[in-house]
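> Have a look at this one before I ask anything.
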Amino acid sequence: LDPIEVEITNFEEEAKKAETLTFEVQNSPTDESLGKHDVTLTATIYLDSSDFRLKDSSQYYGLAPNKAVGLKYHGGNLICDEAKQDSDGKVTHLKCHIDMSEDRPKPKTYISWVPSDGIKCEARVYGHLFTVPEPSDLWEQELNQKSEEVFPNAIVDPSVKEFVDKKDVDVWKSNYALQFERMGFFCVDIDTTFDSSSGSGKLVFNRTVSLKEEVFKKELTAEEEAAIEERRAQQLKVLAEKEERMKIDPINLFREAAEFQGKYSKYSEETGIPTHLADGTELKKSAMKKLGNEQKKHTKAQMRWKK
């Protein structure tokens with residue numbers, strides 16, 4: 001989705017030793033009937049940015065400087081020797097070498113890659129609308145700002161070419177769906193203008209189903225953890241306030257509830273509904289009726305809460 005260019009510095013040397021650099025891969029890891037395709041290792045490949053970090057940790061199994069990870073399908077270890085960054089600090093290029101020695105360490109994970117002839121595309125990834133399973137009264141703060149992420153410079157394996165031509169895109173039917181390793185299931189979007197014969201035009205995918213993320217991709221930054229803790233604290237505060245509110249007798253609602261403090265000066269002895277504002281102004285019947293409805297809502301909510 002967010003590719004980093006990887007230069008394999010000892011590619012020519014390893015290519016001479018290898019029996020083959022083309023590997024047969026099932027289209028579906030769980031269903032052989034869906035066929036196979038070939039992937040070919042090239043001197044330049046692309047990794048997803050989520051598979052690389054400048055700073056390693058014990059809980060992170062992806063690639064980092066001077067660390068070995070397995071190269072999927074190839075079987076050798078890929079070791080990062082150098083990382084280049086742009087002016088914003090984003091990693092844009094890696095220099096790595098392949099280790100095929102017999103005594104090479106066993107990697108903790110094998111990472112996916114795309115060859116140099118991968119097809120550029122736009123990938124639209126859709127996630128949950130909220131950051132919590134059940135939105136609270138603070139739902140506006142719990143909106144997921146990344147419920148839609150657009151990756152305009154994604155790269156996919158060239159084997160998809162025969163399935164994503166613009167002539168097969170239809171507004172009125174479900175378009176072709178593909179599973180991208182570790183990323184999820186994607187379908188071809190109607191904005192696609194890709195011509196498979198010439199390689200021209202725009203190729204657009206929408207993610208329809210996500211896959212279970214690996215553990216190392218779930219590690220949060222200190223800022224993200226702090227934001228989550230702040231939301232939890234706010235939710236607990238709201239719940240505590242709700243609980244206290246539910247303890248108020250309906251007849252005392254407008255005297256004791258926090259949101260009505262200081263608003264009224266006189267109340268009906270029979271119903272508890274305010275009759276005068278704090279400054280002594282008498283309330284109109286329509287205003288008192290509205291407050292009566294508020295009191296009824298509180299009574300119903302309290303009955304549900306007591307159950």
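The way I read the labels, and the way they are meant: chains A, B, ... in the order of the structure tokens, residue 1 as the first residue of every chain, and ligand 1 as the first ligand shown, with later ones counted on from there.
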Residues near A:Leu47, anyone? I mean within 9 Å using only C-alpha atoms, not counting same-chain ones fewer than 4 positions away, as a PyMOL selection string.
chain A and resi 1-6+51-52+111-114
> May I have the selected residues written with N, CA and C atoms, as a PDB file, in the first residue's frame?

```pdb
ATOM      1  N   LEU A   1       0.818  -1.210   0.000  1.00  0.00           N
ATOM      2  CA  LEU A   1       0.000   0.000   0.000  1.00  0.00           C
ATOM      3  C   LEU A   1       0.852   1.260   0.000  1.00  0.00           C
ATOM      4  N   ASP A   2       1.857   1.267   0.860  1.00  0.00           N
ATOM      5  CA  ASP A   2       2.775   2.408   0.961  1.00  0.00           C
ATOM      6  C   ASP A   2       4.183   1.879   0.726  1.00  0.00           C
ATOM      7  N   PRO A   3       4.592   1.755  -0.536  1.00  0.00           N
ATOM      8  CA  PRO A   3       5.828   1.026  -0.859  1.00  0.00           C
ATOM      9  C   PRO A   3       7.123   1.758  -0.533  1.00  0.00           C
ATOM     10  N   ILE A   4       8.115   0.964  -0.131  1.00  0.00           N
ATOM     11  CA  ILE A   4       9.487   1.431   0.011  1.00  0.00           C
ATOM     12  C   ILE A   4      10.334   0.669  -1.010  1.00  0.00           C
ATOM     13  N   GLU A   5      11.101   1.389  -1.786  1.00  0.00           N
ATOM     14  CA  GLU A   5      11.968   0.764  -2.785  1.00  0.00           C
ATOM     15  C   GLU A   5      13.170   0.113  -2.091  1.00  0.00           C
ATOM     16  N   VAL A   6      13.443  -1.123  -2.468  1.00  0.00           N
ATOM     17  CA  VAL A   6      14.548  -1.870  -1.866  1.00  0.00           C
ATOM     18  C   VAL A   6      15.541  -2.287  -2.958  1.00  0.00           C
ATOM     19  N   ASP A  51       6.351  -2.813   7.088  1.00  0.00           N
ATOM     20  CA  ASP A  51       7.293  -3.911   7.339  1.00  0.00           C
ATOM     21  C   ASP A  51       8.694  -3.414   7.649  1.00  0.00           C
ATOM     22  N   PHE A  52       8.853  -2.088   7.814  1.00  0.00           N
ATOM     23  CA  PHE A  52      10.187  -1.556   8.123  1.00  0.00           C
ATOM     24  C   PHE A  52      10.101  -0.482   9.190  1.00  0.00           C
ATOM     25  N   ILE A 111       8.578 -11.663   4.999  1.00  0.00           N
ATOM     26  CA  ILE A 111       7.809 -10.520   4.521  1.00  0.00           C
ATOM     27  C   ILE A 111       7.493 -10.635   3.028  1.00  0.00           C
ATOM     28  N   SER A 112       6.363 -10.056   2.663  1.00  0.00           N
ATOM     29  CA  SER A 112       5.918 -10.057   1.267  1.00  0.00           C
ATOM     30  C   SER A 112       6.625  -8.954   0.494  1.00  0.00           C
ATOM     31  N   TRP A 113       6.690  -9.120  -0.805  1.00  0.00           N
ATOM     32  CA  TRP A 113       7.371  -8.141  -1.650  1.00  0.00           C
ATOM     33  C   TRP A 113       6.726  -8.123  -3.032  1.00  0.00           C
ATOM     34  N   VAL A 114       6.986  -7.048  -3.759  1.00  0.00           N
ATOM     35  CA  VAL A 114       6.502  -6.901  -5.138  1.00  0.00           C
ATOM     36  C   VAL A 114       7.715  -6.631  -6.026  1.00  0.00           C
TER      37      VAL A 114
END
```
> Please, which residues in stretch 182-254 of chain A fall within 12 Å of stretch 14-31 of chain A when counting only C-alpha atoms, and what is the closest atom pair and distance in Å to one decimal for each, ordered by chain then residue number, as a tab-separated table?

```
residue	atom	partner	partner_atom	distance
A:Arg182	CA	A:Pro29	CA	11.2
A:Gly184	CA	A:Ser28	CA	11.9
A:Phe185	CA	A:Ser28	CA	11.1
```
> Need the shell around stretch 86-98 of chain A: protein/DNA/RNA residues with any atom at most 12 Å away, counting only C-alpha atoms. Skip same-chain ones fewer than 4 positions apart. Format as JSON, numbers by chain?
{"A": [2, 3, 4, 5, 6, 7, 8, 9, 10, 11, 12, 13, 14, 15, 17, 18, 41, 42, 43, 44, 45, 46, 47, 48, 49, 50, 51, 52, 53, 54, 63, 64, 65, 66, 67, 68, 69, 70, 71, 74, 75, 76, 77, 78, 79, 80, 81, 82, 104]}
> Between atom CA of A:Lys300 and atom CA of A:Arg245, measure the distance and give it in Å to one decimal.
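Result for atom CA of A:Lys300 versus atom CA of A:Arg245: 12.8 Å, one decimal.
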